[in-house]
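Reading through the structure tokens given below for one structure.
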Number of protein chains: 2
Amino acid sequence: MTAASPNNVEDLIEHIITVLNESGIEQIKDDLQKLHPADIAHLLESIPPEKRELVWPYIDNSRRGESLIELSEGVREGLMAEMDSQSLAAAVQNLDTDEIADLIPELPDDVIAEVLYVADREKRDQLNAVLSYSEDSAGGLMDIDAVAIRPRVTVAVTRRYLRMLNKLPEYTDKLFVVDRDNKLIGALLLSDLVTADDTQRIDEITNTRIHTFSVEQSQTEVAQAFARYNLMSAPVVDDGHHLLGRITVDDIVDVIQDEADRRIMAPAGLDEEEDIFAPVIRTSRSRAVWLGVNLITAFIAAAVIGRFQETISGFVALAVLMPVVASMGGNAGIQSLTVVIRGLSNGTITDKNANKVFIKELLVGSVNGLIWALVVTAITLLWFNNLLLAMIIGAAMIITMTSSALFGALLPSILRHMGIDPALAGGVALTTVADVVGFVSFLGLATIFLG
Amino acid sequence: MTAASPNNVEDLIEHIITVLNESGIEQIKDDLQKLHPADIAHLLESIPPEKRELVWPYIDNSRRGESLIELSEGVREGLMAEMDSQSLAAAVQNLDTDEIADLIPELPDDVIAEVLYVADREKRDQLNAVLSYSEDSAGGLMDIDAVAIRPRVTVAVTRRYLRMLNKLPEYTDKLFVVDRDNKLIGALLLSDLVTADDTQRIDEITNTRIHTFSVEQSQTEVAQAFARYNLMSAPVVDDGHHLLGRITVDDIVDVIQDEADRRIMAPAGLDEEEDIFAPVIRTSRSRAVWLGVNLITAFIAAAVIGRFQETISGFVALAVLMPVVASMGGNAGIQSLTVVIRGLSNGTITDKNANKVFIKELLVGSVNGLIWALVVTAITLLWFNNLLLAMIIGAAMIITMTSSALFGALLPSILRHMGIDPALAGGVALTTVADVVGFVSFLGLATIFLG
């Protein structure tokens with residue numbers, strides 16, 4: 001924890017940025033020492049790369065490791081690329097085992113070798129264990145520093161044991177009660193321990209009905225359980241229910257934030273780990289792929305319109321009105337898509353009730369299709385004074401909005417079955433379909449009735 | 001905590017839903033008793049309103065209140081509307097003061113009167129205090145059950161005091177150390193208390209450098225601090241630094257999730273509290289507003305195209321290609337918009353560095369404008385075999401993508417100054433501008449050079 005209150009820290013960081021912009025590093029050397037590693041990470045993410053290299057040398061090794069962990073991948077990569085192997089190893093080896101494990105994929109081989117060489121045998125074994133779990137699993141989230149106690153001793157004995165340990169791991173809100181084979185029996189909240197009598201036995205005050213996680217469970221599942229049951233920490237066990245470690249809520253907060261960022265950034269083809277001050281060329285390249293995909297879908301729509309050139313040249317009002325149909329279809333579809341993606345991800349939509357949701361979205365799409373078809377028909381009639389054209393666009397609106405809403409509702413399940421993330425590809429796929437249906441229905445009907 | 005592991009609970013809920021669909025309520029009465037209030041809320045959100053009314057009578061009052069708190073607003077509203085005043089008051093009065101305060105705005109007057117009548121004087125005073133803070137502030141998030149101890153007593157005395165309390169409030173990870181005027185001195189982690197010697201004095205093991213919040217701070221600010229500094233709980237103080245209560249991380253997890261939901265749902269004009277099984281007409285109405293706004297923007301674009309009808313009728317390829325220009329401009333703009341909204345909300349973009357970000361987004365938009373202009377020029381040349389047309393669309397692409405990217409970067413600050421949430425209105429505003437710029441530049445250049 002830092003000396004300053006959160007508000008003061010923001011002011012301090014702003015002060016540091018101002019000084020960095022104006023007069024260089026000398027005057028803020030002392031200020032940098034006051035910052036928590038998370039604040040250092042925030043500062044580094046808020047300044048361009050050339051300023052980061054001015055600041056970094058003034059951060060000591062003990063805070064460098066923690067700061068690296070807190071940084072987004074894009075910024076961390078840049079900083080680590082500028083560090084020599086020795087100072088990188090020095091920064092990393094102070095970290096907890098699970099934190100080192102998270103960094104390993106990004107570290108050069110000689111740094112990994114150096115870190116392993118310096119580590120003692122126990123830490124090396126732990127590191128191997130943690131590295132065997134996927135980063136996105138409960139195993140990958142797990143800390144191996146769970147404090148375990150025995151059920152048949154008294155509170156007084158347990159307290160003596162804890163005094164002997166001298167210090168408990170950070171974020172310890174409960175102790176885990178295990179038998180002699182390290183099988184998990186339950187958990188004892190510290191808040192229950194401190195209110196218990198010295199003579200009570202641990203198993204009298206142990207909660208045996210606790211949430212446990214297995215190493216393979218996905219971090220999304222773990223995060224949902226933490227949020228739903230307001231967990232502070234929870235044990236991770238193997239298939240034989242042996243205690244392996246614990247997951248703490250501070251890591252879960254990160255998982256939830258990262259997941260939210262991903263769901264907001266992915267639909268625009270953006271990587272949530274990207275450095276906002278990355279070089280223009282690098283950022284342009286990373287965004288170009290998604291623009292390329294969109295270009296393909298735009299030309300699919302153009303090709304559809306191209307089939308109706310003759311009709312349009314005979315009746316140019318069609319060109320004026322056709323974007324209205326496609327755009328309203330796209331918007332109705334995006335609403336269904338967004339509702340269903342969210343329902344699937346928070347578990348309110350399941351196989352059992354999916355059909356009800358699909359039917360509802362279809363009906364909502366029809367109702368709004370009908371309403372806005374009437375409005376658009378009226379506007380078209382007033383604008384172009386052509387009843388047939390007005391009726392054609394009305395019909396096309398109903399067709400496009402209804403089918404886009406249904407497609408938006410079905411799309412997430414379809415994409416999931418294909419192994420594609422709906423948050424990433426859903427919007428693009430939906431827009432393409434809405435454009436194609438919108439242009440084909442409007443221009444097609446016009447070809448039939450006006451041609 | 002529940003008997004079942006999280007996995008079993010999911011299976012149990014699925015089983016309940018299946019039985020509800022097939023054979024009614026009788027067979028699952030016992031299963032319903034096994035569910036945690038959060039699970040009941042999840043179950044209710046996953047079934048249509050008519051099934052909810054079958055389930056609800058089997059939930060006892062002690063769990064009804066907690067379940068109501070966990071429900072999304074849309075579903076809660078429906079359930080409460082079906083309850084008579086007495087049973088609603090019975091469900092609510094078991095809740096903690098801060099939870100009752102959250103529900104008050106949704107409760108009918110006679111229920112509020114009944115709840116206040118039953119509450120003792122202390123609870124009534126507390127309720128008045130909590131109700132005086134905005135729901136979105138630290139005061140609104142605060143629990144008033146913080147356990148306070150004195151600095152100059154020993155660990156042994158403190159332990160006797162805690163044993164006397166018998167039970168500590170849920171999620172107590174630390175005790176707050178205050179002077180005789182209730183001024184906050186620091187906090188003592190329970191994990192430090194249990195490892196301390198009986199003879200040590202509290203002020204020897206108290207952490208005096210802790211994060212505090214004032215009642216008026218926004219919940220977003222509080223959530224950011226919790227996430228950044230990995231807080232489990234933190235004290236709330238008044239201007240004189242007197243201890244008022246504490247905020248716990250379980251509430252912060254909810255704030256972060258709600259905020260993320262809002263940021264994902266708002267761009268599609270959706271209310272994150274809406275019941276997915278709400279009646280079709282109700283949902284259609286709530287979505288219609290946003291579709292109406294989009295219709296206006298679509299007709300703005302149509303009006304722009306309408307100015308160029310003559311040019312289009314002379315050269316119908318323009319109608320085929322014009323959506324490509326608008327769509328690519330929109331996409332480039334959405335990328336900038338998304339990056340900047342996120343940077344502003346997590347604080348990496350500030351007044352100090354905003355100009356750097358704007359310039360970067362402008363450059364990225366230009367680079368991608370240039371690249372995709374070349375591609376589109378080539379495709380157009382191959383498709384229509386018209387060099388002038390190909391050059392015109394290339395120029396329009398550069399203009400549209402560059403200006404949309406810049407506009408996307410500037411828009412969030414502009415909307416914020418106007419008091420409008422960029423997450424809600426940013427996408428619509430951006431698409432409109434991209435359409436207008438795209439159609440005007442492409443059709444305008446065509447009118448000049450092809451007309």
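Chain labels A, B, ... are given in the sequence in which chains occur in the structure tokens; within each chain residues are numbered consecutively from 1, and ligands are likewise numbered from 1 in the order shown.
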
**Request:** At a cut-off of 6 Å, list the chain A residues touching chain B, using only C-alpha atoms, as a PyMOL selection string.
**Result:** chain A and resi 3+5+38+46+162-163+166+173+195+209+211+228+230+250+260+268+280+284+298+302+305-306+313+316+319-321+324+335+348+364

Exercise: range 130-135 of chain A partners within 8 Å, only C-alpha atoms, chain neighbours under 2 positions left out, as a compact mmCIF listing (two decimals) with C-alpha atoms, in the first residue's frame:
```txt
# COMPACT_ATOMS: atom_id res chain seq x y z
CA THR A 97 5.85 -18.38 -8.50
CA ASP A 98 2.49 -17.93 -10.21
CA ALA A 101 4.77 -18.50 -14.56
CA ASP A 102 2.58 -15.89 -16.24
CA GLN A 126 6.45 -25.18 -7.75
CA LEU A 127 7.18 -23.35 -10.98
CA ASN A 128 7.11 -26.60 -12.93
CA SER A 137 -7.48 -22.22 -16.09
CA GLY A 139 -4.57 -23.92 -12.15
CA GLY A 140 -3.06 -20.92 -13.90
CA LEU A 141 -4.81 -18.51 -11.51
CA MET A 142 -3.83 -20.44 -8.42
CA VAL A 215 -7.25 -27.12 -11.82
CA GLU A 216 -8.76 -27.56 -15.31
```

**Message:** Please report the interatomic distance between CA of Asp109 in chain B and CA of Ala89 in chain B in Å with one decimal.
**Reply:**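 These atoms are spaced 10.7 Å apart.
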
**Message:** According to DSSP computed on the backbone, where in range 141-224 of chain B is there strand (DSSP E)? Give the residues as a PyMOL selection string.
**Reply:** chain B and resi 148-149+174-178+184-189+213-214

**Request:** Name the residues of range 75-160 of chain A that fall into helix (DSSP H, G or I) according to DSSP on the backbone, using the chain letters and numbers of this document, as a PyMOL selection string.
**Result:** chain A and resi 75-82+85-92+97-106+109-118+121-131+138-141+155-160

**Non-local contacts of Gly78 in chain A (10 Å; only C-alpha atoms; under 3 positions in same chain excluded) as a PyMOL selection string** = chain A and resi 49+52-53+73-75+81-83+275+278

With C-alpha atoms kept, could you save the residues just selected as an mmCIF file, in the first residue's frame?
```
data_model
loop_
_atom_site.group_PDB
_atom_site.id
_atom_site.type_symbol
_atom_site.label_atom_id
_atom_site.label_comp_id
_atom_site.auth_asym_id
_atom_site.auth_seq_id
_atom_site.Cartn_x
_atom_site.Cartn_y
_atom_site.Cartn_z
ATOM 1 C CA PRO A 49 7.764 4.814 -25.102
ATOM 2 C CA ARG A 52 9.134 5.225 -20.352
ATOM 3 C CA GLU A 53 12.822 4.628 -20.933
ATOM 4 C CA GLU A 73 1.216 -6.924 -22.702
ATOM 5 C CA GLY A 74 1.977 -4.368 -25.408
ATOM 6 C CA VAL A 75 3.736 -1.965 -23.045
ATOM 7 C CA ALA A 81 12.921 -5.623 -25.127
ATOM 8 C CA GLU A 82 15.049 -2.715 -23.866
ATOM 9 C CA MET A 83 16.309 -4.544 -20.764
ATOM 10 C CA ASP A 275 -0.139 -0.047 -26.197
ATOM 11 C CA ALA A 278 2.647 2.039 -29.990
#
```

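Checking B:Ala373, B:Ile393, B:Ile40, B:Ala423 one by one against Ser345 in chain B, counting only C-alpha atoms, you find the shortest gap at B:Ala423.
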
**Request:** Excluding Gly394 in chain B and residues on its chain fewer than 2 positions from it, collect all residues at most 8 Å away from it, counting only C-alpha atoms, and give them as a list in words.
**Result:**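 Everything that qualifies: Ala373, Leu374, Val376, Thr377, Ala390, Met391, Ile392, Ala396, Met397 and Ile398 of chain B.
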